[in-house]
Amino acid sequence: MLELNAKHLLDVLNGKANIDSKPGNKKDPEAGRTTANNLTSGTSISVSEGPLPEVAIFKGISRLAWFKHDSGHVNMAFIEYDGTMPSDSMDDIELKNIQLQFPSARSLSRDDSTAHEETVETDRGPIVVAVQGSRNKPAILTYHDLGLNYISSFQAFFNYVDMRALLENFCVYHINAPGQEEGAQTLPEDYIFPTMDELAAQLEFVLSHFGLKQVIGFGVGAGANILARYALSHPNKVAALCLINCASTPAGWIEWGYQKLNARHLRSKGMTQGVLDYLMWHHFGRNTEDRNHDLVQVYKSYFERNVNPTNLALFIDSYVRRTDLNIQRELDPNKRKEANTLHMPVLNITGSRSPHVDDTITLNGRLDPTNSSWMKISDCGMVLEEQPGKVSEAFRLFLQGEGYAIQVGRRRLSSAASFEGKCY
């Protein structure tokens, strides 16, 4: 480590002095001397007797240098400079060209999907299932929320860099509720839309169609409720559940009134401003534009142009008529095995700005605390879109805790402080 006082170091960098490492000789007085241009990034120098600037351009070297103070010594780093040094009075610089680069527009279309779609016949009509990944891997079964389908709900999340690494270890089966897939035709007038329990029963046909013996459920909103119902009726076929904004109770009077009005407008007038505002609140909560204006515009445009209003009205009617899951937390350890609850591991997630926080708290209070976790992620309502990194990290750790071998990417994991709560 070189030892210099601050003034000497500045003189060296300005070309007014050299750094003596060994004494020179009579024939070559400069021999054994280190000049400023011999210094490299990362050079560690012990500096005393005076302060140093954080960043400076020095005439002794054609480089921009900055100093990082660390426990009594200074580390220097350089950026190459073009050799044209400004005068002390700072010459005027002429800006000749500006080139703008715009990010590619966000799309919620099938064109960006890497999944292969298949039609599965069920007792309540056909449904579209999209398969993403190698089918010989463990299965993840997803189910979307109101107003969405597998593309608008999960495509961006599963294309997130950390989730792409996870897909190397799993195969994802994305389920679309009847008539909710992209480009869906309006369901016939005499079509009776399945109840929530019947939608859950359709999953049995999906597992049979693809030859799946056990799956990991990953659902949002209405889809989370459907997966929970399937897990209750087929506990041996669900290895684990990740439920986002899941309600376990029937709709309250306020929700029932709003949703009935929405369904009526969708049938008679299509996507009205009132329905659009409700859908945005349902997914993002309040004051969304203040947090992510561009994302809001993408989803507003999607709801207005890509959703079949009649089919959505039927799905809303089914969801608002949902029954209670009738699960309860059993405090007696000897009776837990016989308790009517979700016996598989459950990761229960919500966003701090989501309107469904209370629903997830209620669900959490009805689950077995030994195999469930509740997590509230800060600064978001639609967690998969606004905080995909935190959700993917939580989901990966959840799966690793269940014994699944998952490669850990090179991205640095976020700290525990990223999550507002993880408890019970």
# chains A, B, ... in the order shown; residues from 1 in each chain; ligands from 1
$ residues_around --residues "range 338-353 of chain A" --least-positions-apart "2" --cutoff "6 Å" --atoms "only C-alpha atoms" --output "ChimeraX atom specification"
/A:240-245,285,327-328,335-336,371-378,380-381,383
$ closest_residue --among "A:Gly133, A:Pro194, A:Gly147, A:Gly221" --to "Cys171 in chain A" --atoms "only C-alpha atoms"
A:Gly133
$ select_by_dssp --residues "range 169-364 of chain A" --states "alpha helix (DSSP H)" --output "ChimeraX atom specification"
/A:196-210,222-233,253-268,273-284,288-291,293-306,309-320,357-364
$ closest_residue --among "A:Asn136, A:Thr142, A:Ser152, A:Asn262" --to "Leu212 in chain A" --atoms "only C-alpha atoms"
A:Asn136
$ atom_distance --atom1 "CA of Ala130 in chain A" --atom2 "CA of Tyr404 in chain A"
22.9 Å
$ residues_around --residues "Arg305 in chain A" --least-positions-apart "5" --cutoff "12 Å" --atoms "only C-alpha atoms" --output "list in words"
Leu108, Ser109, Gly147, Glu182, Gly183, Gly270, Met271, Thr272, Leu276, Val298, Tyr299 and Lys300 of chain A
$ write_last_selection --atoms "C-alpha atoms" --output "JSON list (two decimals), in the first residue's frame"
[["chain", "number", "residue", "atom", "x", "y", "z"],
["A", 108, "LEU", "CA", -50.97, -8.98, -23.07],
["A", 109, "SER", "CA", -51.39, -11.09, -26.17],
["A", 147, "GLY", "CA", -61.45, -10.33, -15.96],
["A", 182, "GLU", "CA", -58.21, -14.85, -25.47],
["A", 183, "GLY", "CA", -60.52, -14.49, -28.48],
["A", 270, "GLY", "CA", -70.56, -4.04, -22.32],
["A", 271, "MET", "CA", -67.48, -2.72, -20.53],
["A", 272, "THR", "CA", -68.74, 0.50, -18.94],
["A", 276, "LEU", "CA", -63.71, -0.81, -15.57],
["A", 298, "VAL", "CA", -51.99, -1.46, -20.15],
["A", 299, "TYR", "CA", -54.68, -3.16, -18.07],
["A", 300, "LYS", "CA", -57.32, -0.53, -18.76]]
$ residues_around --residues "Phe205 in chain A" --least-positions-apart "2" --cutoff "8 Å" --atoms "only C-alpha atoms" --output "list of chain:residue names"
A:Val120, A:Glu121, A:Thr122, A:Ala201, A:Gln202, A:Leu203, A:Leu207, A:Ser208, A:His209
$ write_last_selection --atoms "N, CA, C and O atoms" --output "PDB file, in the first residue's frame"
ATOM      1  N   VAL A 120     -59.449 -29.130 -23.334  1.00  0.00           N
ATOM      2  CA  VAL A 120     -59.761 -30.282 -22.487  1.00  0.00           C
ATOM      3  C   VAL A 120     -61.274 -30.360 -22.328  1.00  0.00           C
ATOM      4  O   VAL A 120     -61.920 -29.389 -21.928  1.00  0.00           O
ATOM      5  N   GLU A 121     -61.826 -31.512 -22.639  1.00  0.00           N
ATOM      6  CA  GLU A 121     -63.271 -31.714 -22.493  1.00  0.00           C
ATOM      7  C   GLU A 121     -63.609 -32.047 -21.040  1.00  0.00           C
ATOM      8  O   GLU A 121     -62.958 -32.877 -20.414  1.00  0.00           O
ATOM      9  N   THR A 122     -64.638 -31.377 -20.512  1.00  0.00           N
ATOM     10  CA  THR A 122     -65.104 -31.633 -19.151  1.00  0.00           C
ATOM     11  C   THR A 122     -66.614 -31.869 -19.182  1.00  0.00           C
ATOM     12  O   THR A 122     -67.260 -31.716 -20.228  1.00  0.00           O
ATOM     13  N   ALA A 201     -64.329 -28.885  -9.761  1.00  0.00           N
ATOM     14  CA  ALA A 201     -64.452 -30.280 -10.212  1.00  0.00           C
ATOM     15  C   ALA A 201     -63.877 -30.457 -11.616  1.00  0.00           C
ATOM     16  O   ALA A 201     -63.425 -31.560 -11.971  1.00  0.00           O
ATOM     17  N   GLN A 202     -63.877 -29.391 -12.436  1.00  0.00           N
ATOM     18  CA  GLN A 202     -63.306 -29.492 -13.781  1.00  0.00           C
ATOM     19  C   GLN A 202     -61.809 -29.804 -13.745  1.00  0.00           C
ATOM     20  O   GLN A 202     -61.266 -30.373 -14.701  1.00  0.00           O
ATOM     21  N   LEU A 203     -61.154 -29.440 -12.653  1.00  0.00           N
ATOM     22  CA  LEU A 203     -59.713 -29.677 -12.570  1.00  0.00           C
ATOM     23  C   LEU A 203     -59.381 -31.169 -12.596  1.00  0.00           C
ATOM     24  O   LEU A 203     -58.301 -31.561 -13.034  1.00  0.00           O
ATOM     25  N   LEU A 207     -56.376 -32.983 -14.802  1.00  0.00           N
ATOM     26  CA  LEU A 207     -55.359 -33.925 -14.308  1.00  0.00           C
ATOM     27  C   LEU A 207     -55.441 -35.251 -15.056  1.00  0.00           C
ATOM     28  O   LEU A 207     -54.401 -35.847 -15.396  1.00  0.00           O
ATOM     29  N   SER A 208     -56.645 -35.707 -15.317  1.00  0.00           N
ATOM     30  CA  SER A 208     -56.812 -36.966 -16.047  1.00  0.00           C
ATOM     31  C   SER A 208     -56.325 -36.837 -17.486  1.00  0.00           C
ATOM     32  O   SER A 208     -55.669 -37.746 -18.017  1.00  0.00           O
ATOM     33  N   HIS A 209     -56.619 -35.701 -18.131  1.00  0.00           N
ATOM     34  CA  HIS A 209     -56.229 -35.484 -19.526  1.00  0.00           C
ATOM     35  C   HIS A 209     -54.704 -35.519 -19.693  1.00  0.00           C
ATOM     36  O   HIS A 209     -54.194 -36.099 -20.659  1.00  0.00           O
TER      37      HIS A 209
END
$ residues_around --residues "Val129 in chain A" --least-positions-apart "2" --cutoff "6 Å" --atoms "only C-alpha atoms" --output "list in words"
Glu117, Glu118, His174 and Ile175 of chain A
